[in-house]
file entry.pdb (PDB, C-alpha atoms and all ligand atoms)
ATOM      1  CA  MET A   1      45.521 163.415  38.976
ATOM      2  CA  SER A   2      44.115 161.586  41.919
ATOM      3  CA  LYS A   3      45.296 161.023  45.452
ATOM      4  CA  ASP A   4      46.534 157.824  46.958
ATOM      5  CA  PRO A   5      44.183 157.470  49.954
ATOM      6  CA  VAL A   6      46.706 155.473  51.959
ATOM      7  CA  CYS A   7      49.804 157.685  51.914
ATOM      8  CA  GLY A   8      48.393 160.895  50.406
ATOM      9  CA  MET A   9      50.705 160.925  47.401
ATOM     10  CA  THR A  10      49.435 162.313  44.110
ATOM     11  CA  VAL A  11      48.996 159.562  41.509
ATOM     12  CA  ASP A  12      48.539 159.913  37.758
ATOM     13  CA  GLU A  13      45.566 157.675  37.060
ATOM     14  CA  ARG A  14      46.470 157.422  33.370
ATOM     15  CA  LYS A  15      49.743 155.746  34.290
ATOM     16  CA  SER A  16      48.875 153.836  37.427
ATOM     17  CA  LYS A  17      47.733 150.259  37.104
ATOM     18  CA  LEU A  18      47.165 150.025  40.827
ATOM     19  CA  LYS A  19      43.487 150.668  41.169
ATOM     20  CA  SER A  20      40.748 149.571  43.534
ATOM     21  CA  GLU A  21      37.076 150.350  43.710
ATOM     22  CA  HIS A  22      35.102 151.017  46.833
ATOM     23  CA  ASP A  23      31.507 152.271  47.111
ATOM     24  CA  GLY A  24      31.495 152.990  43.380
ATOM     25  CA  LYS A  25      34.567 155.197  43.593
ATOM     26  CA  GLU A  26      37.923 154.455  42.041
ATOM     27  CA  PHE A  27      41.126 154.819  44.006
ATOM     28  CA  TYR A  28      44.672 154.806  42.660
ATOM     29  CA  PHE A  29      47.840 153.893  44.462
ATOM     30  CA  CYS A  30      51.539 154.728  44.245
ATOM     31  CA  SER A  31      52.687 151.237  45.156
ATOM     32  CA  PRO A  32      51.466 147.660  45.599
ATOM     33  CA  GLY A  33      51.926 148.088  49.345
ATOM     34  CA  CYS A  34      49.450 150.968  49.445
ATOM     35  CA  LYS A  35      46.958 149.039  47.333
ATOM     36  CA  SER A  36      47.098 145.981  49.569
ATOM     37  CA  ALA A  37      46.696 148.156  52.675
ATOM     38  CA  PHE A  38      43.589 149.659  51.103
ATOM     39  CA  ASP A  39      42.250 146.293  49.961
ATOM     40  CA  ARG A  40      42.647 144.873  53.457
ATOM     41  CA  ASP A  41      40.607 147.672  55.009
ATOM     42  CA  PRO A  42      38.907 149.931  52.442
ATOM     43  CA  HIS A  43      36.620 151.563  54.981
ATOM     44  CA  ARG A  44      39.582 152.927  56.826
ATOM     45  CA  TYR A  45      40.823 154.808  53.760
ATOM     46  CA  GLY A  46      37.878 155.053  51.397
ATOM     47  CA  HIS A  47      35.883 157.588  53.430
ATOM     48  CA  SER A  48      36.920 160.932  54.695
TER      49      SER A  48
HETATM   50 ZN    ZN B   1      50.907 155.333  48.429
END
call {"tool": "encode", "arguments": {"input": "entry.pdb", "output": "structure tokens", "more": "lines below"}}
Ligand SMILES: [Zn+2]
result
Amino acid sequence: MSKDPVCGMTVDERKSKLKSEHDGKEFYFCSPGCKSAFDRDPHRYGHS
């Protein structure tokens, strides 16, 4: 399982087709809205 960096929900990466890459890491999302928020501003979500 991996964590949606936008909303914090747990996402099953085997099922999710909503994926983005940032800095060589893969991120999975619960919804298209979360993915587009990430894609607009990956630095906001892609680093802890
Ligand atoms: Zn989400």
call {"tool": "resolve_selection", "arguments": {"input": "entry.pdb", "expression": "the PyMOL selection byres (((not hetatm)) within 7 of (chain B and resi 1))", "output": "PyMOL selection string"}}
result
chain A and resi 4+6-9+29-31+34
call {"tool": "atom_distance", "arguments": {"input": "entry.pdb", "atom1": "atom CA of Asp39 of chain A", "atom2": "atom CA of Val11 of chain A"}}
result
17.1 Å
call {"tool": "atom_distance", "arguments": {"input": "entry.pdb", "atom1": "atom CA of Phe27 of chain A", "atom2": "atom CA of Arg40 of chain A"}}
result
13.8 Å
call {"tool": "closest_residue", "arguments": {"input": "entry.pdb", "among": "A:Gly33, A:Thr10, A:Lys17, A:Asp23", "to": "Gly46 of chain A", "atoms": "all atoms listed in the file"}}
result
A:Asp23
call {"tool": "atom_distance", "arguments": {"input": "entry.pdb", "atom1": "atom CA of Arg14 of chain A", "atom2": "atom CA of Asp41 of chain A"}}
result
24.4 Å
call {"tool": "resolve_selection", "arguments": {"input": "entry.pdb", "expression": "the PyMOL selection byres (((chain A and resi 18) around 7) and not hetatm)", "output": "PyMOL selection string"}}
result
chain A and resi 16-17+19-20+28-29+32+35
call {"tool": "residues_near_point", "arguments": {"input": "entry.pdb", "point": "(43.5, 162.5, 40.6)", "cutoff": "7 Å", "atoms": "all atoms listed in the file", "output": "ChimeraX atom specification"}}
result
/A:1-3,10-13
call {"tool": "decode", "arguments": {"input": "entry.pdb", "residues": "chain A", "atoms": "C-alpha atoms", "output": "PDB file, in the first residue's frame"}}
result
ATOM      1  CA  MET A   1       0.000   0.000   0.000  1.00  0.00           C
ATOM      2  CA  SER A   2       1.131   3.526  -0.516  1.00  0.00           C
ATOM      3  CA  LYS A   3      -0.119   6.872   0.680  1.00  0.00           C
ATOM      4  CA  ASP A   4      -1.798   9.536  -1.349  1.00  0.00           C
ATOM      5  CA  PRO A   5       0.478  12.529  -0.649  1.00  0.00           C
ATOM      6  CA  VAL A   6      -2.303  15.041  -1.228  1.00  0.00           C
ATOM      7  CA  CYS A   7      -5.058  13.847   1.113  1.00  0.00           C
ATOM      8  CA  GLY A   8      -3.206  11.187   3.130  1.00  0.00           C
ATOM      9  CA  MET A   9      -5.489   8.329   2.133  1.00  0.00           C
ATOM     10  CA  THR A  10      -4.034   4.848   1.764  1.00  0.00           C
ATOM     11  CA  VAL A  11      -3.986   3.732  -1.879  1.00  0.00           C
ATOM     12  CA  ASP A  12      -3.482   0.236  -3.268  1.00  0.00           C
ATOM     13  CA  GLU A  13      -0.855   0.764  -5.943  1.00  0.00           C
ATOM     14  CA  ARG A  14      -1.783  -2.499  -7.670  1.00  0.00           C
ATOM     15  CA  LYS A  15      -5.261  -1.149  -8.344  1.00  0.00           C
ATOM     16  CA  SER A  16      -4.673   2.553  -8.778  1.00  0.00           C
ATOM     17  CA  LYS A  17      -4.047   3.885 -12.248  1.00  0.00           C
ATOM     18  CA  LEU A  18      -3.520   7.369 -10.896  1.00  0.00           C
ATOM     19  CA  LYS A  19       0.211   7.628 -10.640  1.00  0.00           C
ATOM     20  CA  SER A  20       2.766  10.400 -10.927  1.00  0.00           C
ATOM     21  CA  GLU A  21       6.512  10.450 -10.622  1.00  0.00           C
ATOM     22  CA  HIS A  22       8.558  13.091  -8.910  1.00  0.00           C
ATOM     23  CA  ASP A  23      12.294  13.022  -8.128  1.00  0.00           C
ATOM     24  CA  GLY A  24      12.409   9.357  -9.125  1.00  0.00           C
ATOM     25  CA  LYS A  25       9.680   8.399  -6.678  1.00  0.00           C
ATOM     26  CA  GLU A  26       6.254   7.116  -7.593  1.00  0.00           C
ATOM     27  CA  PHE A  27       3.133   8.524  -6.002  1.00  0.00           C
ATOM     28  CA  TYR A  28      -0.378   7.099  -6.155  1.00  0.00           C
ATOM     29  CA  PHE A  29      -3.644   8.917  -5.776  1.00  0.00           C
ATOM     30  CA  CYS A  30      -7.188   8.128  -4.659  1.00  0.00           C
ATOM     31  CA  SER A  31      -8.818  10.390  -7.220  1.00  0.00           C
ATOM     32  CA  PRO A  32      -8.116  12.416 -10.364  1.00  0.00           C
ATOM     33  CA  GLY A  33      -8.512  15.568  -8.283  1.00  0.00           C
ATOM     34  CA  CYS A  34      -5.654  14.564  -5.991  1.00  0.00           C
ATOM     35  CA  LYS A  35      -3.459  13.658  -8.949  1.00  0.00           C
ATOM     36  CA  SER A  36      -4.031  16.985 -10.673  1.00  0.00           C
ATOM     37  CA  ALA A  37      -3.327  18.859  -7.427  1.00  0.00           C
ATOM     38  CA  PHE A  38      -0.038  16.988  -7.172  1.00  0.00           C
ATOM     39  CA  ASP A  39       0.812  17.505 -10.837  1.00  0.00           C
ATOM     40  CA  ARG A  40       0.216  21.239 -10.518  1.00  0.00           C
ATOM     41  CA  ASP A  41       2.630  21.547  -7.606  1.00  0.00           C
ATOM     42  CA  PRO A  42       4.635  18.366  -6.936  1.00  0.00           C
ATOM     43  CA  HIS A  43       7.128  20.083  -4.661  1.00  0.00           C
ATOM     44  CA  ARG A  44       4.387  20.965  -2.263  1.00  0.00           C
ATOM     45  CA  TYR A  45       3.426  17.315  -1.776  1.00  0.00           C
ATOM     46  CA  GLY A  46       6.377  15.270  -2.967  1.00  0.00           C
ATOM     47  CA  HIS A  47       8.709  16.121  -0.073  1.00  0.00           C
ATOM     48  CA  SER A  48       8.154  15.743   3.589  1.00  0.00           C
TER      49      SER A  48
END
